[in-house]
Amino acid sequence: MSFDGRAPILEAGPESSGAGGKVPVTGELLSTWLGYADLQRRTLDAIQHELTRTSGTVEDATLDLSARFRELAEKAIEQSQRVEQIVMVAGSVEIDGERVPMDQLVTTMQDMIADMIANIVTLSRHAMSMVYLLDDVQKDVSELEKSIADIDGINRQTNFLALNATIEASRAGEAGKTFAVVAQEVRHLSRSTSELAERMRSKVTAVVKGVRNGHEILRQIADTDMSPQMLAKERVDKTMESLVDQTNHFQHVLETAANVSSEMSATIGHMVTGMQFQDLTKQRLEAINDSLAIMVAGLDELENRTRVELPASMGAQVPQEWLDELLGRFKLSEMRQRFVRKLLLEGTALDEHGALDVDAGHDDSSGGDIELF
Amino acid sequence: MDYGIDIKEQEAVVRLRGRLTFNDHAKLRALIREMLQNKAKRQILDLSALEFVDSAGIGMLLIAREEMANADKLLVLRAATGQVKRVLTVAQLNKIVTIED
């Protein structure tokens with residue numbers, strides 16, 4: 001085998017000899033093939049590396065998201081429990097350690113007020129009956145005063161008659177002596193009656209005074225108008241009604257809130273379940289990586305076999321156009337850097353594809369930041 | 001308060017006007033007497049022109065009802081408006097007296 005500057009003609013191994021088994025191959029083609037094979041192997045390595053990396057990134061992010069969603073679901077459940085607690089007590093109030101529903105409370109209070117008003121009505125009626133009674137008593141007492149005055153009149157006449165009788169008796173002399181005694185007795189009787197009438201007058205005057213005072217006090221009581229207090233019921237009823245309406249409204253809103261919270265925790269639960277796609281993705285990526293590894297091994301073997309056949313002076317040819325096109329595809333800077341490092345720095349190609357950043361050598365841990373250029 | 005009575009065969013209609021308060025108690029008593037004297041079984045108190053009633057007035061209306069019942073007559077409160085209607089409602093007088101619109 002000689003090399004004269006032209007592409008050498010290589011022969012296939014003796015095992016492939018025979019009719020059609022042997023084909024002439026130029027050294028240039030093999031050199032190009034070697035270059036491609038080298039680049040392909042590196043590319044596949046880089047792709048494997050990227051796939052593993054991507055799978056890891058997705059896994060980390062998914063685990064983090066799942067944890068946060070679980071936390072969110074727990075909080076949503078707590079929230080709905082709190083709201084349910086409020087809903088339970090919202091429609092009632094505690095009185096003497098016992099929970100009384102709002103509508104029952106309102107009914108009780110309305111009944112109490114109704115009883116109060118019924119009492120006012122009864123009192124008003126009794127007060128007016130009393131006023132009428134005392135009106136009558138006053139009239140009767142006036143009659144009594146008049147009767148006492150009449151007794152006085154009669155008494156004066158009796159006294160006058162008795163005096164006349166005494167005079168007539170003294171004129172009659174011995175014959176009228178007995179009559180004079182009777183006339184004297186009548187005069188005594190008249191005096192006693194007069195004294196009795198006087199005592200009655202003083203008592204009746206006291207009664208009249210008492211009745212008039214009582215009548216006046218009763219007038220004041222009956223004249224105290226309670227109708228505004230009765231009408232206060234209207235206002236109380238409206239207030240109670242409004243209170244019940246408001247409570248019902250709050251309860252309705254809170255019930256809705258409790259439902260929404262429950263729905264939220266259920267939805268978040270579904271989201272956590274949905275996150276399980278990551279497992280499947282990881283398995284698929286691993287399978288792809290395994291396939292790529294087999295391809296890399298195959299390429300490696302072929303490369304070795306080809307290198308043995310190629311003269312030592314001929315190396316692998318860097319497929320520049322292909323490399324340019326390949327690197328042109330990578331728009332993510334950190335990914336591009338990893339590819340450049342893999343394909344150029346580890347390979348034979350010159351670094352014509354831009355300087356690497358100072359920190360390009362470090363595996364940047366900031367991870368997720370995506371830069372486009 | 002003042003009033004006018006219109007006596008028909010079956011019913012006597014008494015039209016009350018103005019304000020019925022404690023000060024009218026003597027007048028109301030005279031009215032009750034008149035109502036007892038006429039022959040009508042139904043004694044209607046027309047309250048449409050009554051502007052105001054106080055708690056004493058409510059007491060007097062109840063006494064009137066009682067007096068009518070004792071004389072086997074029926075007292076009817078008719079056409080109350082405004083404050084009078086509100087007080088009658090709040091006092092639930094319809095449980096004791098016949099009330100008509």
# chains A, B, ... in the order shown; residues from 1 in each chain; ligands from 1
>>> closest_atom_pairs(of="chain A", to="chain B", cutoff="10 Å", atoms="only C-alpha atoms", output="JSON lines")
{"residue": "A:Ile113", "atom": "CA", "partner": "B:Val90", "partner_atom": "CA", "distance": 9.8}
{"residue": "A:Ala114", "atom": "CA", "partner": "B:Ala91", "partner_atom": "CA", "distance": 7.5}
{"residue": "A:Asp115", "atom": "CA", "partner": "B:Ala91", "partner_atom": "CA", "distance": 9.4}
{"residue": "A:Met116", "atom": "CA", "partner": "B:Ala91", "partner_atom": "CA", "distance": 9.5}
{"residue": "A:Ile117", "atom": "CA", "partner": "B:Ala91", "partner_atom": "CA", "distance": 6.0}
{"residue": "A:Ala118", "atom": "CA", "partner": "B:Ala91", "partner_atom": "CA", "distance": 6.3}
{"residue": "A:Asn119", "atom": "CA", "partner": "B:Ala91", "partner_atom": "CA", "distance": 9.5}
{"residue": "A:Ile120", "atom": "CA", "partner": "B:Ser55", "partner_atom": "CA", "distance": 7.7}
{"residue": "A:Val121", "atom": "CA", "partner": "B:Gly59", "partner_atom": "CA", "distance": 6.4}
{"residue": "A:Thr122", "atom": "CA", "partner": "B:Gly59", "partner_atom": "CA", "distance": 7.3}
{"residue": "A:Leu123", "atom": "CA", "partner": "B:Gly59", "partner_atom": "CA", "distance": 7.8}
{"residue": "A:Ser124", "atom": "CA", "partner": "B:Gly59", "partner_atom": "CA", "distance": 4.7}
{"residue": "A:Arg125", "atom": "CA", "partner": "B:Gly59", "partner_atom": "CA", "distance": 3.6}
{"residue": "A:His126", "atom": "CA", "partner": "B:Gly59", "partner_atom": "CA", "distance": 7.3}
{"residue": "A:Ala127", "atom": "CA", "partner": "B:Gly59", "partner_atom": "CA", "distance": 7.7}
{"residue": "A:Met128", "atom": "CA", "partner": "B:Gly59", "partner_atom": "CA", "distance": 6.1}
{"residue": "A:Ser129", "atom": "CA", "partner": "B:Ile63", "partner_atom": "CA", "distance": 7.2}
{"residue": "A:Val131", "atom": "CA", "partner": "B:His25", "partner_atom": "CA", "distance": 8.6}
{"residue": "A:Tyr132", "atom": "CA", "partner": "B:His25", "partner_atom": "CA", "distance": 8.2}
{"residue": "A:Asp135", "atom": "CA", "partner": "B:Ala26", "partner_atom": "CA", "distance": 9.1}
{"residue": "A:Arg219", "atom": "CA", "partner": "B:Phe22", "partner_atom": "CA", "distance": 8.0}
{"residue": "A:Gln220", "atom": "CA", "partner": "B:Phe22", "partner_atom": "CA", "distance": 9.5}
{"residue": "A:Ile221", "atom": "CA", "partner": "B:Ala56", "partner_atom": "CA", "distance": 9.3}
{"residue": "A:Ala222", "atom": "CA", "partner": "B:Ala56", "partner_atom": "CA", "distance": 5.7}
{"residue": "A:Asp223", "atom": "CA", "partner": "B:Phe22", "partner_atom": "CA", "distance": 5.4}
{"residue": "A:Thr224", "atom": "CA", "partner": "B:Ser55", "partner_atom": "CA", "distance": 7.9}
{"residue": "A:Asp225", "atom": "CA", "partner": "B:Ser55", "partner_atom": "CA", "distance": 5.4}
{"residue": "A:Met226", "atom": "CA", "partner": "B:Ser55", "partner_atom": "CA", "distance": 5.3}
{"residue": "A:Ser227", "atom": "CA", "partner": "B:Ser55", "partner_atom": "CA", "distance": 5.2}
{"residue": "A:Pro228", "atom": "CA", "partner": "B:Asp54", "partner_atom": "CA", "distance": 8.5}
{"residue": "A:Gln229", "atom": "CA", "partner": "B:Ser55", "partner_atom": "CA", "distance": 9.6}
{"residue": "A:Met230", "atom": "CA", "partner": "B:Val90", "partner_atom": "CA", "distance": 6.5}
{"residue": "A:Leu231", "atom": "CA", "partner": "B:Val87", "partner_atom": "CA", "distance": 6.3}
{"residue": "A:Ala232", "atom": "CA", "partner": "B:Val90", "partner_atom": "CA", "distance": 9.0}
{"residue": "A:Lys233", "atom": "CA", "partner": "B:Val90", "partner_atom": "CA", "distance": 6.9}
{"residue": "A:Glu234", "atom": "CA", "partner": "B:Val90", "partner_atom": "CA", "distance": 7.3}
>>> write_last_selection(atoms="N, CA and C atoms", output="compact mmCIF listing (two decimals), in the first residue's frame")
# COMPACT_ATOMS: atom_id res chain seq x y z
N ILE A 113 -92.45 41.29 72.68
CA ILE A 113 -92.93 42.66 72.43
C ILE A 113 -94.45 42.67 72.29
N ALA A 114 -94.96 41.63 71.59
CA ALA A 114 -96.42 41.55 71.42
C ALA A 114 -97.10 41.44 72.78
N ASP A 115 -96.51 40.64 73.69
CA ASP A 115 -97.06 40.50 75.04
C ASP A 115 -97.05 41.85 75.77
N MET A 116 -95.92 42.55 75.60
CA MET A 116 -95.77 43.85 76.25
C MET A 116 -96.87 44.81 75.77
N ILE A 117 -97.10 44.80 74.46
CA ILE A 117 -98.12 45.69 73.90
C ILE A 117 -99.51 45.27 74.38
N ALA A 118 -99.73 43.95 74.44
CA ALA A 118 -101.02 43.47 74.95
C ALA A 118 -101.24 43.96 76.38
N ASN A 119 -100.14 43.96 77.17
CA ASN A 119 -100.24 44.47 78.54
C ASN A 119 -100.56 45.96 78.57
N ILE A 120 -99.93 46.70 77.67
CA ILE A 120 -100.22 48.14 77.60
C ILE A 120 -101.70 48.36 77.28
N VAL A 121 -102.20 47.57 76.32
CA VAL A 121 -103.61 47.72 75.92
C VAL A 121 -104.53 47.40 77.11
N THR A 122 -104.21 46.30 77.80
CA THR A 122 -105.04 45.91 78.95
C THR A 122 -104.99 47.00 80.03
N LEU A 123 -103.78 47.48 80.30
CA LEU A 123 -103.63 48.54 81.31
C LEU A 123 -104.41 49.78 80.92
N SER A 124 -104.34 50.15 79.65
CA SER A 124 -105.06 51.34 79.18
C SER A 124 -106.56 51.17 79.39
N ARG A 125 -107.03 49.96 79.07
CA ARG A 125 -108.47 49.72 79.22
C ARG A 125 -108.87 49.80 80.70
N HIS A 126 -108.06 49.15 81.59
CA HIS A 126 -108.36 49.18 83.01
C HIS A 126 -108.28 50.60 83.55
N ALA A 127 -107.28 51.34 83.10
CA ALA A 127 -107.13 52.72 83.57
C ALA A 127 -108.36 53.53 83.19
N MET A 128 -108.86 53.32 81.95
CA MET A 128 -110.03 54.09 81.53
C MET A 128 -111.28 53.65 82.29
N SER A 129 -111.40 52.34 82.57
CA SER A 129 -112.54 51.87 83.38
C SER A 129 -112.50 52.55 84.74
N VAL A 131 -111.05 55.38 85.49
CA VAL A 131 -111.37 56.81 85.34
C VAL A 131 -112.88 57.00 85.34
N TYR A 132 -113.58 56.14 84.57
CA TYR A 132 -115.04 56.26 84.52
C TYR A 132 -115.66 55.98 85.88
N ASP A 135 -115.10 58.91 88.05
CA ASP A 135 -116.02 59.98 87.61
C ASP A 135 -117.36 59.81 88.33
N ARG A 219 -105.75 60.23 86.03
CA ARG A 219 -105.78 61.03 84.79
C ARG A 219 -104.38 61.11 84.20
N GLN A 220 -103.42 61.38 85.12
CA GLN A 220 -102.03 61.50 84.64
C GLN A 220 -101.54 60.18 84.06
N ILE A 221 -101.91 59.09 84.75
CA ILE A 221 -101.49 57.78 84.23
C ILE A 221 -102.12 57.51 82.86
N ALA A 222 -103.44 57.70 82.81
CA ALA A 222 -104.16 57.39 81.58
C ALA A 222 -103.78 58.35 80.45
N ASP A 223 -103.36 59.54 80.85
CA ASP A 223 -103.03 60.55 79.84
C ASP A 223 -101.60 60.36 79.30
N THR A 224 -100.86 59.42 79.90
CA THR A 224 -99.51 59.14 79.38
C THR A 224 -99.65 58.25 78.15
N ASP A 225 -99.40 58.86 77.01
CA ASP A 225 -99.64 58.13 75.76
C ASP A 225 -98.55 57.07 75.53
N MET A 226 -98.98 55.82 75.41
CA MET A 226 -98.03 54.73 75.17
C MET A 226 -98.02 54.30 73.71
N SER A 227 -98.78 55.02 72.87
CA SER A 227 -98.83 54.57 71.46
C SER A 227 -97.47 54.62 70.75
N PRO A 228 -96.60 55.62 71.07
CA PRO A 228 -95.28 55.57 70.42
C PRO A 228 -94.50 54.30 70.78
N GLN A 229 -94.64 53.87 72.06
CA GLN A 229 -93.95 52.65 72.48
C GLN A 229 -94.54 51.44 71.75
N MET A 230 -95.86 51.50 71.53
CA MET A 230 -96.49 50.39 70.80
C MET A 230 -95.98 50.36 69.37
N LEU A 231 -95.88 51.56 68.78
CA LEU A 231 -95.45 51.63 67.37
C LEU A 231 -93.97 51.28 67.21
N ALA A 232 -93.23 51.31 68.34
CA ALA A 232 -91.81 50.93 68.27
C ALA A 232 -91.67 49.51 67.76
N LYS A 233 -92.74 48.72 67.94
CA LYS A 233 -92.72 47.32 67.47
C LYS A 233 -92.45 47.26 65.97
N GLU A 234 -93.05 48.23 65.24
CA GLU A 234 -92.83 48.24 63.79
C GLU A 234 -91.35 48.29 63.47
>>> residues_around(residues="Ser48 of chain B", least_positions_apart="4", cutoff="9 Å", atoms="only C-alpha atoms", output="list in words")
Arg15, Leu16, Arg17, Arg78, Ala79, Ala80 and Thr81 of chain B
>>> closest_residue(among="B:Ala64, B:Lys27, B:Leu75, B:Ala49", to="Ala12 of chain B", atoms="only C-alpha atoms")
B:Leu75
>>> closest_residue(among="B:Gln37, B:Glu9, B:Arg42, B:Ala30", to="Ala69 of chain B", atoms="only C-alpha atoms")
B:Arg42
>>> closest_residue(among="B:Ile32, B:Val97, B:Lys39, B:Met1", to="Val76 of chain B", atoms="only C-alpha atoms")
B:Val97
>>> select_by_dssp(residues="chain B", states="helix (DSSP H, G or I)", output="JSON, numbers by chain")
{"B": [22, 23, 24, 25, 26, 27, 28, 29, 30, 31, 32, 33, 34, 35, 36, 37, 55, 56, 57, 58, 59, 60, 61, 62, 63, 64, 65, 66, 67, 68, 69, 70, 82, 83, 84, 85, 86, 87, 88, 89, 90, 93, 94, 95]}
>>> select_by_dssp(residues="segment 27-99 of chain B", states="strand (DSSP E or B)", output="PyMOL selection string")
chain B and resi 42-53+74-78+98-99
>>> write_last_selection(atoms="C-alpha atoms", output="PDB file, in the first residue's frame")
ATOM      1  CA  ARG B  42    -124.159  46.683  64.469  1.00  0.00           C
ATOM      2  CA  GLN B  43    -122.434  49.758  65.791  1.00  0.00           C
ATOM      3  CA  ILE B  44    -119.865  50.866  63.240  1.00  0.00           C
ATOM      4  CA  LEU B  45    -117.109  53.273  64.222  1.00  0.00           C
ATOM      5  CA  ASP B  46    -115.911  54.854  60.972  1.00  0.00           C
ATOM      6  CA  LEU B  47    -112.310  55.852  61.665  1.00  0.00           C
ATOM      7  CA  SER B  48    -111.421  57.122  58.168  1.00  0.00           C
ATOM      8  CA  ALA B  49    -111.349  60.737  59.384  1.00  0.00           C
ATOM      9  CA  LEU B  50    -109.635  59.965  62.688  1.00  0.00           C
ATOM     10  CA  GLU B  51    -106.059  61.212  62.540  1.00  0.00           C
ATOM     11  CA  PHE B  52    -104.636  60.033  65.839  1.00  0.00           C
ATOM     12  CA  VAL B  53    -105.392  57.733  68.726  1.00  0.00           C
ATOM     13  CA  LEU B  74    -121.497  44.267  67.838  1.00  0.00           C
ATOM     14  CA  LEU B  75    -118.863  46.975  67.645  1.00  0.00           C
ATOM     15  CA  VAL B  76    -117.009  47.264  64.332  1.00  0.00           C
ATOM     16  CA  LEU B  77    -113.974  49.474  63.713  1.00  0.00           C
ATOM     17  CA  ARG B  78    -113.944  50.458  60.064  1.00  0.00           C
ATOM     18  CA  THR B  98    -114.057  43.224  64.615  1.00  0.00           C
ATOM     19  CA  ILE B  99    -111.999  45.350  62.242  1.00  0.00           C
TER      20      ILE B  99
END
>>> residues_around(residues="Val58 of chain A", least_positions_apart="3", cutoff="10 Å", atoms="only C-alpha atoms", output="short mmCIF file (atom, residue, chain, number, x, y, z; two decimals) with C-alpha atoms, in the first residue's frame")
data_model
loop_
_atom_site.label_atom_id
_atom_site.label_comp_id
_atom_site.auth_asym_id
_atom_site.auth_seq_id
_atom_site.Cartn_x
_atom_site.Cartn_y
_atom_site.Cartn_z
CA THR A 52 -30.41 13.04 31.26
CA ARG A 53 -30.09 16.63 32.29
CA THR A 54 -33.55 17.54 30.96
CA SER A 55 -35.10 14.53 32.67
CA ALA A 61 -39.34 20.85 39.04
CA THR A 62 -42.16 18.33 39.16
CA LEU A 63 -41.32 17.21 42.69
CA ASP A 64 -41.12 20.82 43.80
CA GLN A 278 -43.05 13.03 34.82
CA ASP A 279 -42.50 9.34 35.71
CA THR A 281 -41.37 10.98 30.63
CA LYS A 282 -38.37 9.87 32.67
#
>>> atom_distance(atom1="atom CA of Thr32 of chain A", atom2="atom CA of Pro311 of chain A")
13.6 Å
>>> residues_around(residues="Lys177 of chain A", least_positions_apart="6", cutoff="12 Å", atoms="only C-alpha atoms", output="count of residues only")
9
>>> atom_distance(atom1="atom CA of Phe179 of chain A", atom2="atom CA of Phe160 of chain A")
15.6 Å
>>> atom_distance(atom1="atom CA of Ala46 of chain A", atom2="atom CA of Arg305 of chain A")
23.0 Å
>>> closest_residue(among="A:Arg82, A:Arg68, A:Lys139, A:Arg191", to="Arg156 of chain A", atoms="only C-alpha atoms")
A:Arg191
>>> decode(residues="segment 273-316 of chain A", atoms="C-alpha atoms", output="tab-separated table (two decimals), in the first residue's frame")
chain	number	residue	atom	x	y	z
A	273	THR	CA	-52.12	13.37	40.15
A	274	GLY	CA	-51.52	15.01	36.78
A	275	MET	CA	-47.90	15.59	37.76
A	276	GLN	CA	-47.28	11.85	37.43
A	277	PHE	CA	-46.62	12.38	33.70
A	278	GLN	CA	-43.05	13.03	34.82
A	279	ASP	CA	-42.50	9.34	35.71
A	280	LEU	CA	-43.54	8.28	32.23
A	281	THR	CA	-41.37	10.98	30.63
A	282	LYS	CA	-38.37	9.87	32.67
A	283	GLN	CA	-38.83	6.22	31.61
A	284	ARG	CA	-39.12	7.21	27.94
A	285	LEU	CA	-36.05	9.39	28.08
A	286	GLU	CA	-34.12	6.55	29.73
A	287	ALA	CA	-35.20	4.18	26.95
A	288	ILE	CA	-34.10	6.72	24.31
A	289	ASN	CA	-30.77	7.12	26.10
A	290	ASP	CA	-30.28	3.36	26.12
A	291	SER	CA	-30.90	3.26	22.37
A	292	LEU	CA	-28.46	6.14	21.86
A	293	ALA	CA	-25.84	4.30	23.96
A	294	ILE	CA	-26.13	1.28	21.68
A	295	MET	CA	-25.71	3.55	18.65
A	296	VAL	CA	-22.64	5.18	20.23
A	297	ALA	CA	-21.11	1.76	20.92
A	298	GLY	CA	-21.77	0.72	17.32
A	299	LEU	CA	-20.22	3.90	15.97
A	300	ASP	CA	-17.20	3.46	18.22
A	301	GLU	CA	-16.58	-0.02	16.97
A	302	LEU	CA	-16.95	1.00	13.32
A	303	GLU	CA	-14.67	3.97	13.90
A	304	ASN	CA	-11.96	1.72	15.39
A	305	ARG	CA	-12.23	-0.73	12.55
A	306	THR	CA	-12.01	2.07	9.99
A	307	ARG	CA	-9.03	3.69	11.71
A	308	VAL	CA	-7.12	0.39	11.49
A	309	GLU	CA	-7.70	0.33	7.73
A	310	LEU	CA	-6.61	3.96	7.22
A	311	PRO	CA	-2.90	4.80	6.80
A	312	ALA	CA	-1.42	6.46	9.91
A	313	SER	CA	-0.72	9.64	7.96
A	314	MET	CA	-4.38	10.19	7.25
A	315	GLY	CA	-6.50	11.45	10.15
A	316	ALA	CA	-10.19	12.04	10.46
